[in-house]
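Asker: Have a peek at model-v5.csv (CSV, N, CA and C atoms).
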```
chain,number,residue,atom,x,y,z
A,1,VAL,N,-10.0,-13.9,-1.8
A,1,VAL,CA,-9.5,-12.9,-0.9
A,1,VAL,C,-10.1,-11.6,-1.4
A,2,GLN,N,-10.6,-10.8,-0.4
A,2,GLN,CA,-11.2,-9.5,-0.7
A,2,GLN,C,-10.4,-8.5,0.1
A,3,LEU,N,-10.0,-7.4,-0.6
A,3,LEU,CA,-9.3,-6.3,0.1
A,3,LEU,C,-10.1,-5.1,0.1
A,4,GLN,N,-10.2,-4.4,1.2
A,4,GLN,CA,-11.0,-3.2,1.3
A,4,GLN,C,-10.1,-2.0,1.8
A,5,ALA,N,-9.9,-1.1,0.8
A,5,ALA,CA,-9.1,0.1,1.2
A,5,ALA,C,-10.0,1.2,1.6
A,6,SER,N,-9.5,1.9,2.6
A,6,SER,CA,-10.3,3.0,3.2
A,6,SER,C,-9.4,4.1,3.7
A,7,GLY,N,-10.0,5.3,4.0
A,7,GLY,CA,-9.2,6.3,4.7
A,7,GLY,C,-8.9,7.5,3.7
A,8,GLY,N,-9.2,7.4,2.5
A,8,GLY,CA,-9.0,8.5,1.6
A,8,GLY,C,-9.8,9.7,1.8
A,9,GLY,N,-9.5,10.8,1.2
A,9,GLY,CA,-10.3,12.0,1.4
A,9,GLY,C,-9.5,13.2,0.9
A,10,LEU,N,-10.0,14.3,1.3
A,10,LEU,CA,-9.4,15.6,0.9
A,10,LEU,C,-8.5,16.1,2.0
A,11,VAL,N,-7.3,16.5,1.7
A,11,VAL,CA,-6.3,16.9,2.7
A,11,VAL,C,-5.5,18.1,2.1
A,12,GLN,N,-5.2,19.0,2.9
A,12,GLN,CA,-4.4,20.1,2.5
A,12,GLN,C,-2.9,19.7,2.3
A,13,ALA,N,-2.2,20.4,1.4
A,13,ALA,CA,-0.8,20.2,1.3
A,13,ALA,C,-0.1,20.4,2.6
A,14,GLY,N,0.8,19.5,2.9
A,14,GLY,CA,1.5,19.5,4.2
A,14,GLY,C,0.8,18.7,5.3
A,15,GLY,N,-0.4,18.3,5.0
A,15,GLY,CA,-1.2,17.6,6.0
A,15,GLY,C,-0.9,16.1,6.0
A,16,SER,N,-1.7,15.3,6.8
A,16,SER,CA,-1.5,13.9,6.9
A,16,SER,C,-2.8,13.2,6.7
A,17,LEU,N,-2.6,11.9,6.3
A,17,LEU,CA,-3.8,11.0,6.1
A,17,LEU,C,-3.3,9.6,6.4
A,18,ARG,N,-4.2,8.8,6.9
A,18,ARG,CA,-3.9,7.4,7.2
A,18,ARG,C,-4.9,6.5,6.4
A,19,LEU,N,-4.3,5.7,5.5
A,19,LEU,CA,-5.1,4.7,4.7
A,19,LEU,C,-5.0,3.4,5.4
A,20,SER,N,-6.1,2.6,5.3
A,20,SER,CA,-6.1,1.3,5.8
A,20,SER,C,-6.6,0.3,4.7
A,21,CYS,N,-6.1,-0.9,4.9
A,21,CYS,CA,-6.4,-2.0,4.0
A,21,CYS,C,-6.8,-3.2,4.8
A,22,ALA,N,-8.0,-3.7,4.7
A,22,ALA,CA,-8.5,-4.8,5.5
A,22,ALA,C,-8.7,-6.0,4.6
A,23,ALA,N,-8.3,-7.2,5.0
A,23,ALA,CA,-8.5,-8.4,4.2
A,23,ALA,C,-9.6,-9.3,4.8
A,24,SER,N,-10.3,-9.9,3.9
A,24,SER,CA,-11.2,-10.9,4.3
A,24,SER,C,-11.1,-12.1,3.4
A,25,GLY,N,-11.4,-13.3,3.9
A,25,GLY,CA,-11.3,-14.5,3.0
A,25,GLY,C,-10.0,-15.2,3.1
A,26,ARG,N,-9.0,-14.5,3.6
A,26,ARG,CA,-7.7,-15.1,3.8
A,26,ARG,C,-6.9,-14.2,4.7
A,27,ALA,N,-6.1,-14.8,5.6
A,27,ALA,CA,-5.3,-13.9,6.5
A,27,ALA,C,-4.2,-13.3,5.7
A,28,PHE,N,-3.8,-12.1,6.2
A,28,PHE,CA,-2.6,-11.5,5.6
A,28,PHE,C,-1.4,-12.2,6.0
A,29,ASN,N,-1.4,-12.9,7.1
A,29,ASN,CA,-0.3,-13.6,7.6
A,29,ASN,C,0.4,-14.4,6.6
A,30,GLY,N,1.7,-14.2,6.4
A,30,GLY,CA,2.4,-15.0,5.4
A,30,GLY,C,2.5,-14.4,4.0
A,31,TYR,N,1.9,-13.2,3.9
A,31,TYR,CA,1.9,-12.6,2.5
A,31,TYR,C,2.3,-11.1,2.7
A,32,PRO,N,3.2,-10.7,1.8
A,32,PRO,CA,3.5,-9.2,1.8
A,32,PRO,C,2.3,-8.4,1.3
A,33,VAL,N,2.2,-7.2,1.6
A,33,VAL,CA,1.1,-6.3,1.2
A,33,VAL,C,1.7,-5.0,0.6
A,34,GLY,N,1.3,-4.6,-0.5
A,34,GLY,CA,1.8,-3.4,-1.1
A,34,GLY,C,0.7,-2.3,-1.3
A,35,TRP,N,1.2,-1.1,-1.5
A,35,TRP,CA,0.3,0.0,-1.8
A,35,TRP,C,0.8,0.5,-3.2
A,36,PHE,N,-0.2,0.8,-4.0
A,36,PHE,CA,0.1,1.4,-5.3
A,36,PHE,C,-0.8,2.6,-5.5
A,37,ARG,N,-0.5,3.5,-6.4
A,37,ARG,CA,-1.4,4.6,-6.6
A,37,ARG,C,-1.5,4.9,-8.1
A,38,GLN,N,-2.6,5.5,-8.5
A,38,GLN,CA,-2.8,5.9,-9.9
A,38,GLN,C,-3.4,7.3,-10.0
A,39,ALA,N,-2.6,8.2,-10.6
A,39,ALA,CA,-3.1,9.5,-10.8
A,39,ALA,C,-3.8,9.6,-12.1
A,40,PRO,N,-4.6,10.6,-12.3
A,40,PRO,CA,-5.4,10.7,-13.6
A,40,PRO,C,-4.4,10.8,-14.7
A,41,GLY,N,-4.7,9.9,-15.7
A,41,GLY,CA,-3.9,9.9,-16.9
A,41,GLY,C,-2.5,9.3,-16.8
A,42,LYS,N,-2.2,8.7,-15.7
A,42,LYS,CA,-0.9,8.1,-15.5
A,42,LYS,C,-1.1,6.6,-15.2
A,43,GLU,N,0.1,5.9,-15.3
A,43,GLU,CA,0.1,4.5,-15.0
A,43,GLU,C,0.0,4.3,-13.4
A,44,ARG,N,-0.4,3.1,-13.1
A,44,ARG,CA,-0.4,2.7,-11.6
A,44,ARG,C,1.0,2.5,-11.2
A,45,GLU,N,1.4,3.1,-10.1
A,45,GLU,CA,2.8,3.0,-9.7
A,45,GLU,C,2.9,2.5,-8.3
A,46,PHE,N,4.1,1.9,-8.0
A,46,PHE,CA,4.4,1.4,-6.7
A,46,PHE,C,4.6,2.5,-5.7
A,47,VAL,N,4.1,2.3,-4.5
A,47,VAL,CA,4.3,3.3,-3.4
A,47,VAL,C,5.1,2.7,-2.3
A,48,ALA,N,4.6,1.5,-1.7
A,48,ALA,CA,5.3,0.9,-0.6
A,48,ALA,C,4.9,-0.5,-0.5
A,49,VAL,N,5.7,-1.3,0.2
A,49,VAL,CA,5.4,-2.7,0.4
A,49,VAL,C,6.0,-3.1,1.8
A,50,ILE,N,5.3,-4.0,2.4
A,50,ILE,CA,5.8,-4.6,3.7
A,50,ILE,C,5.8,-6.1,3.6
A,51,THR,N,6.9,-6.7,4.2
A,51,THR,CA,7.0,-8.1,4.1
A,51,THR,C,6.0,-8.8,5.1
A,52,SER,N,5.8,-10.1,4.9
A,52,SER,CA,4.8,-10.8,5.7
A,52,SER,C,4.9,-10.6,7.2
A,53,SER,N,6.2,-10.6,7.6
A,53,SER,CA,6.5,-10.4,9.1
A,53,SER,C,6.3,-9.0,9.6
A,54,GLY,N,6.4,-8.1,8.6
A,54,GLY,CA,6.4,-6.7,9.0
A,54,GLY,C,7.8,-6.1,9.3
A,55,ARG,N,8.8,-7.0,9.3
A,55,ARG,CA,10.1,-6.5,9.7
A,55,ARG,C,10.8,-5.7,8.6
A,56,ASN,N,10.4,-5.8,7.3
A,56,ASN,CA,11.0,-5.0,6.3
A,56,ASN,C,10.0,-4.2,5.4
A,57,THR,N,10.4,-3.0,5.1
A,57,THR,CA,9.5,-2.2,4.3
A,57,THR,C,10.3,-1.5,3.2
A,58,TYR,N,9.7,-1.2,2.1
A,58,TYR,CA,10.4,-0.6,1.0
A,58,TYR,C,9.4,0.5,0.4
A,59,TYR,N,10.0,1.6,-0.1
A,59,TYR,CA,9.2,2.7,-0.5
A,59,TYR,C,9.7,3.2,-1.9
A,60,ALA,N,8.8,3.8,-2.6
A,60,ALA,CA,9.2,4.5,-3.8
A,60,ALA,C,10.0,5.8,-3.3
A,61,ASP,N,10.9,6.2,-4.2
A,61,ASP,CA,11.7,7.4,-3.8
A,61,ASP,C,10.9,8.6,-3.5
A,62,SER,N,9.8,8.7,-4.3
A,62,SER,CA,8.9,9.9,-4.2
A,62,SER,C,8.2,10.0,-2.8
A,63,VAL,N,8.1,8.9,-2.1
A,63,VAL,CA,7.4,9.0,-0.8
A,63,VAL,C,8.3,8.7,0.4
A,64,LYS,N,9.5,8.3,0.1
A,64,LYS,CA,10.4,7.9,1.2
A,64,LYS,C,10.6,9.0,2.2
A,65,GLY,N,10.5,8.7,3.5
A,65,GLY,CA,10.7,9.7,4.5
A,65,GLY,C,9.4,10.4,4.8
A,66,ARG,N,8.3,10.2,4.0
A,66,ARG,CA,7.0,10.9,4.3
A,66,ARG,C,5.9,9.9,4.6
A,67,PHE,N,6.0,8.7,3.9
A,67,PHE,CA,5.0,7.7,4.1
A,67,PHE,C,5.6,6.6,4.9
A,68,THR,N,4.7,5.9,5.7
A,68,THR,CA,5.1,4.8,6.5
A,68,THR,C,4.0,3.7,6.4
A,69,ILE,N,4.5,2.5,6.0
A,69,ILE,CA,3.6,1.3,5.9
A,69,ILE,C,3.8,0.5,7.1
A,70,SER,N,2.7,0.0,7.6
A,70,SER,CA,2.7,-0.9,8.8
A,70,SER,C,1.6,-1.9,8.7
A,71,ARG,N,1.7,-3.0,9.5
A,71,ARG,CA,0.7,-4.0,9.5
A,71,ARG,C,0.4,-4.5,10.9
A,72,ASP,N,-0.8,-5.0,11.0
A,72,ASP,CA,-1.3,-5.6,12.3
A,72,ASP,C,-1.9,-7.0,11.8
A,73,ASN,N,-1.1,-8.0,11.9
A,73,ASN,CA,-1.6,-9.3,11.4
A,73,ASN,C,-2.7,-9.9,12.2
A,74,ALA,N,-2.7,-9.5,13.5
A,74,ALA,CA,-3.8,-10.0,14.3
A,74,ALA,C,-5.2,-9.4,13.9
A,75,LYS,N,-5.1,-8.2,13.3
A,75,LYS,CA,-6.3,-7.5,12.9
A,75,LYS,C,-6.5,-7.6,11.4
A,76,ASN,N,-5.6,-8.4,10.7
A,76,ASN,CA,-5.6,-8.5,9.3
A,76,ASN,C,-5.7,-7.2,8.5
A,77,THR,N,-4.9,-6.2,9.0
A,77,THR,CA,-5.0,-4.9,8.5
A,77,THR,C,-3.6,-4.3,8.2
A,78,VAL,N,-3.5,-3.6,7.1
A,78,VAL,CA,-2.2,-2.9,6.8
A,78,VAL,C,-2.6,-1.4,6.6
A,79,HIS,N,-1.7,-0.5,7.1
A,79,HIS,CA,-1.9,0.9,7.1
A,79,HIS,C,-0.8,1.6,6.2
A,80,LEU,N,-1.2,2.7,5.7
A,80,LEU,CA,-0.3,3.6,5.0
A,80,LEU,C,-0.4,5.0,5.7
A,81,GLN,N,0.5,5.4,6.5
A,81,GLN,CA,0.5,6.7,7.1
A,81,GLN,C,1.2,7.7,6.1
A,82,MET,N,0.4,8.7,5.7
A,82,MET,CA,0.9,9.7,4.7
A,82,MET,C,1.1,11.0,5.4
A,83,ASN,N,2.3,11.5,5.5
A,83,ASN,CA,2.6,12.8,6.1
A,83,ASN,C,3.2,13.7,5.1
A,84,SER,N,3.1,15.0,5.4
A,84,SER,CA,3.7,16.0,4.5
A,84,SER,C,3.3,15.8,3.0
A,85,VAL,N,2.1,15.6,2.8
A,85,VAL,CA,1.6,15.3,1.4
A,85,VAL,C,1.7,16.5,0.5
A,86,TYR,N,1.9,16.2,-0.8
A,86,TYR,CA,2.0,17.2,-1.8
A,86,TYR,C,0.8,17.1,-2.7
A,87,ALA,N,0.6,18.1,-3.6
A,87,ALA,CA,-0.4,17.9,-4.6
A,87,ALA,C,-0.1,16.7,-5.5
A,88,GLU,N,1.1,16.4,-5.7
A,88,GLU,CA,1.5,15.3,-6.6
A,88,GLU,C,1.1,13.9,-6.0
A,89,ASP,N,0.8,13.9,-4.7
A,89,ASP,CA,0.3,12.6,-4.1
A,89,ASP,C,-1.2,12.4,-4.4
A,90,THR,N,-1.8,13.3,-5.1
A,90,THR,CA,-3.2,13.1,-5.4
A,90,THR,C,-3.3,11.9,-6.4
A,91,ALA,N,-4.1,10.9,-6.0
A,91,ALA,CA,-4.3,9.7,-6.8
A,91,ALA,C,-5.3,8.8,-6.1
A,92,VAL,N,-5.7,7.7,-6.8
A,92,VAL,CA,-6.4,6.6,-6.2
A,92,VAL,C,-5.4,5.6,-5.7
A,93,TYR,N,-5.5,5.3,-4.4
A,93,TYR,CA,-4.5,4.4,-3.8
A,93,TYR,C,-5.1,3.0,-3.6
A,94,TYR,N,-4.3,2.0,-4.0
A,94,TYR,CA,-4.8,0.6,-4.0
A,94,TYR,C,-3.9,-0.2,-3.1
A,95,CYS,N,-4.5,-1.1,-2.3
A,95,CYS,CA,-3.6,-2.1,-1.7
A,95,CYS,C,-3.8,-3.4,-2.4
A,96,ALA,N,-2.7,-4.2,-2.3
A,96,ALA,CA,-2.7,-5.5,-3.1
A,96,ALA,C,-1.8,-6.5,-2.3
A,97,THR,N,-2.0,-7.7,-2.6
A,97,THR,CA,-1.2,-8.8,-2.0
A,97,THR,C,-1.0,-9.9,-3.1
A,98,PRO,N,0.1,-10.5,-3.1
A,98,PRO,CA,0.4,-11.6,-4.1
A,98,PRO,C,-0.3,-12.9,-3.6
A,99,ASN,N,-0.3,-13.8,-4.5
A,99,ASN,CA,-0.8,-15.2,-4.2
A,99,ASN,C,0.3,-16.1,-4.0
A,100,LYS,N,1.3,-15.6,-3.3
A,100,LYS,CA,2.5,-16.4,-3.0
A,100,LYS,C,2.9,-16.3,-1.5
A,101,TYR,N,2.8,-17.4,-0.8
A,101,TYR,CA,3.1,-17.4,0.6
A,101,TYR,C,4.6,-17.2,0.8
A,102,SER,N,4.9,-16.3,1.8
A,102,SER,CA,6.3,-16.1,2.1
A,102,SER,C,6.5,-15.6,3.5
A,103,THR,N,7.4,-16.2,4.2
A,103,THR,CA,7.7,-15.8,5.6
A,103,THR,C,9.0,-15.1,5.6
A,104,GLY,N,9.6,-14.9,4.4
A,104,GLY,CA,10.9,-14.3,4.3
A,104,GLY,C,11.0,-12.9,3.9
A,105,TRP,N,11.8,-12.6,2.9
A,105,TRP,CA,12.2,-11.2,2.5
A,105,TRP,C,11.4,-10.8,1.3
A,106,TYR,N,10.5,-11.6,0.8
A,106,TYR,CA,9.7,-11.3,-0.4
A,106,TYR,C,8.9,-10.0,-0.3
A,107,ALA,N,9.3,-9.1,-1.1
A,107,ALA,CA,8.6,-7.7,-1.0
A,107,ALA,C,8.5,-7.2,-2.5
A,108,PRO,N,7.6,-7.7,-3.2
A,108,PRO,CA,7.5,-7.3,-4.7
A,108,PRO,C,7.2,-5.8,-4.8
A,109,ARG,N,7.8,-5.2,-5.9
A,109,ARG,CA,7.5,-3.8,-6.3
A,109,ARG,C,6.8,-3.7,-7.6
A,110,SER,N,6.7,-4.8,-8.3
A,110,SER,CA,6.1,-4.8,-9.6
A,110,SER,C,4.6,-5.2,-9.5
A,111,ARG,N,3.8,-4.5,-10.3
A,111,ARG,CA,2.3,-4.7,-10.3
A,111,ARG,C,2.0,-6.2,-10.7
A,112,SER,N,2.9,-6.7,-11.6
A,112,SER,CA,2.6,-8.0,-12.1
A,112,SER,C,2.7,-9.1,-11.1
A,113,GLU,N,3.4,-8.9,-10.0
A,113,GLU,CA,3.6,-9.9,-9.0
A,113,GLU,C,2.4,-9.9,-8.0
A,114,TYR,N,1.5,-9.0,-8.1
A,114,TYR,CA,0.3,-8.9,-7.2
A,114,TYR,C,-0.9,-9.6,-7.9
A,115,TYR,N,-1.6,-10.3,-7.0
A,115,TYR,CA,-2.8,-11.0,-7.6
A,115,TYR,C,-4.1,-10.4,-7.1
A,116,TYR,N,-4.2,-10.1,-5.8
A,116,TYR,CA,-5.5,-9.6,-5.3
A,116,TYR,C,-5.3,-8.1,-5.1
A,117,TRP,N,-6.4,-7.3,-5.5
A,117,TRP,CA,-6.4,-5.9,-5.4
A,117,TRP,C,-7.6,-5.4,-4.7
A,118,GLY,N,-7.4,-4.3,-3.9
A,118,GLY,CA,-8.6,-3.7,-3.3
A,118,GLY,C,-9.2,-2.7,-4.4
A,119,GLN,N,-10.3,-2.1,-4.0
A,119,GLN,CA,-11.0,-1.3,-5.0
A,119,GLN,C,-10.5,0.1,-5.1
A,120,GLY,N,-9.6,0.5,-4.2
A,120,GLY,CA,-9.0,1.8,-4.3
A,120,GLY,C,-9.7,2.9,-3.4
A,121,THR,N,-8.9,3.8,-3.0
A,121,THR,CA,-9.5,4.9,-2.2
A,121,THR,C,-8.8,6.2,-2.7
A,122,LEU,N,-9.6,7.2,-2.9
A,122,LEU,CA,-9.2,8.4,-3.5
A,122,LEU,C,-8.6,9.4,-2.5
A,123,VAL,N,-7.4,9.8,-2.8
A,123,VAL,CA,-6.7,10.9,-2.0
A,123,VAL,C,-6.6,12.1,-2.8
A,124,THR,N,-7.1,13.2,-2.3
A,124,THR,CA,-7.0,14.5,-3.1
A,124,THR,C,-6.3,15.5,-2.2
A,125,VAL,N,-5.1,16.0,-2.6
A,125,VAL,CA,-4.4,17.0,-1.9
A,125,VAL,C,-4.6,18.3,-2.5
A,126,SER,N,-5.1,19.3,-1.7
A,126,SER,CA,-5.3,20.6,-2.2
A,126,SER,C,-4.1,21.5,-1.8
A,127,SER,N,-3.8,22.3,-2.8
A,127,SER,CA,-2.6,23.2,-2.6
A,127,SER,C,-3.0,24.6,-2.2
```
Since I need it in another form, could you write the structure as structure tokens?
Answerer:
Amino acid sequence: VQLQASGGGLVQAGGSLRLSCAASGRAFNGYPVGWFRQAPGKEREFVAVITSSGRNTYYADSVKGRFTISRDNAKNTVHLQMNSVYAEDTAVYYCATPNKYSTGWYAPRSRSEYYYWGQGTLVTVSS
């Protein structure tokens, strides 16, 4: 499975950005997809996850109410809509998916539960 994250760039504080994650080699269908981010000098942290069906989403407290994760299984794509961004949102953003098929409520928040990772896309928020 190969994941390709895109959509990063430079955005002003208070602005919006939409990240995309496209999968090849295996359908996203049946697998949750998560977004993580890593700021310079910091650990990679959980941002958001969406269940395989798309019916359930979970967010880190730091982005709740500002970011929205969504998926289009027909297009094998997951998006992360980022609104009202802060300078603290500056990071490399990674999409990832586990190697565990699930049509239920499985929505991992731990890095260790993810097996396939995209290459990351850099988001820089200017204040």
Asker: When you look at Ala39 in chain A with a cut-off of 8 Å (counting all atoms listed in the file), what residues show up, excluding the ones that are within fewer than 4 positions of it in the same chain? I need them as JSON, numbers by chain.
Answerer: {"A": [43, 44, 45, 88, 89, 90, 91, 92, 93]}
Asker: Could the residues in this selection be saved with N, CA and C atoms as a tab-separated table (two decimals), keeping the file's coordinate frame?
Answerer:
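New file part15.tsv:
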```tsv
chain	number	residue	atom	x	y	z
A	43	GLU	N	0.10	5.90	-15.30
A	43	GLU	CA	0.10	4.50	-15.00
A	43	GLU	C	0.00	4.30	-13.40
A	44	ARG	N	-0.40	3.10	-13.10
A	44	ARG	CA	-0.40	2.70	-11.60
A	44	ARG	C	1.00	2.50	-11.20
A	45	GLU	N	1.40	3.10	-10.10
A	45	GLU	CA	2.80	3.00	-9.70
A	45	GLU	C	2.90	2.50	-8.30
A	88	GLU	N	1.10	16.40	-5.70
A	88	GLU	CA	1.50	15.30	-6.60
A	88	GLU	C	1.10	13.90	-6.00
A	89	ASP	N	0.80	13.90	-4.70
A	89	ASP	CA	0.30	12.60	-4.10
A	89	ASP	C	-1.20	12.40	-4.40
A	90	THR	N	-1.80	13.30	-5.10
A	90	THR	CA	-3.20	13.10	-5.40
A	90	THR	C	-3.30	11.90	-6.40
A	91	ALA	N	-4.10	10.90	-6.00
A	91	ALA	CA	-4.30	9.70	-6.80
A	91	ALA	C	-5.30	8.80	-6.10
A	92	VAL	N	-5.70	7.70	-6.80
A	92	VAL	CA	-6.40	6.60	-6.20
A	92	VAL	C	-5.40	5.60	-5.70
A	93	TYR	N	-5.50	5.30	-4.40
A	93	TYR	CA	-4.50	4.40	-3.80
A	93	TYR	C	-5.10	3.00	-3.60
```
Asker: Extract the full set of strand (DSSP E) residues from chain A according to DSSP on the backbone, and format it as a PyMOL selection string.
Answerer: chain A and resi 2-6+9-12+17-24+33-38+45-50+57-59+67-72+77-82+91-97+116-117+121-126
Asker: Pick from A:Ala96, A:Val63, A:Leu80, A:Val1: nearest to Ala27 in chain A, with all atoms listed in the file counted?
Answerer: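 Result for the nearest residue to Ala27 in chain A: A:Val1.
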Asker: For atom N of Ala60 in chain A and CA of Arg109 in chain A, determine how far apart the two atoms are, in Å to one decimal place.
Answerer: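 Calculated distance between atom N of Ala60 in chain A and CA of Arg109 in chain A is 8.6 Å.
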Asker: So, with only C-alpha atoms as the atoms that count, which of A:Ala107, A:Val47, A:Thr97, A:Phe28 lies closest to Arg71 in chain A?
Answerer: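 Once distances to Arg71 in chain A are computed over only C-alpha atoms, the minimum belongs to A:Phe28.
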Asker: Give me, please, the distance in Å between atom C of Tyr101 in chain A and atom N of Trp35 in chain A, quoted to one decimal.
Answerer: 16.6 Å
Asker: Give the answer as one residue: which of A:Lys100, A:Tyr106, A:Ala5, A:Ser52 has the shortest atom-to-atom distance to Asn29 in chain A, using only C-alpha atoms?
Answerer: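 So, comparing all the options, the nearest one is A:Ser52.
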Asker: What's the 7 Å shell around Ala13 in chain A, counting only N, CA and C atoms, without same-chain residues fewer than 4 positions away, as a list of chain:residue names?
Answerer: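 Returned residues: A:Ser84, A:Val85, A:Tyr86, A:Ala87, A:Val125, A:Ser126, A:Ser127.
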Asker: List the residues sitting within 6 Å of (3.9, -8.5, 7.4) in the file's frame, using all atoms listed in the file, as a PyMOL selection string.
Answerer: chain A and resi 31-32+50-55+71
Asker: Find the distance between atom N of Leu3 in chain A and CA of Cys95 in chain A and write it in Å to one decimal.
Answerer: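 Atom-to-atom, atom N of Leu3 in chain A and CA of Cys95 in chain A are spaced 8.4 Å apart.
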Asker: Between A:Gly118, A:Pro98, A:Gly9, A:Pro40, which is the closest to Cys21 in chain A once you count only N, CA and C atoms?
Answerer: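 Nearest candidate to Cys21 in chain A out of A:Gly118, A:Pro98, A:Gly9, A:Pro40: A:Gly118.
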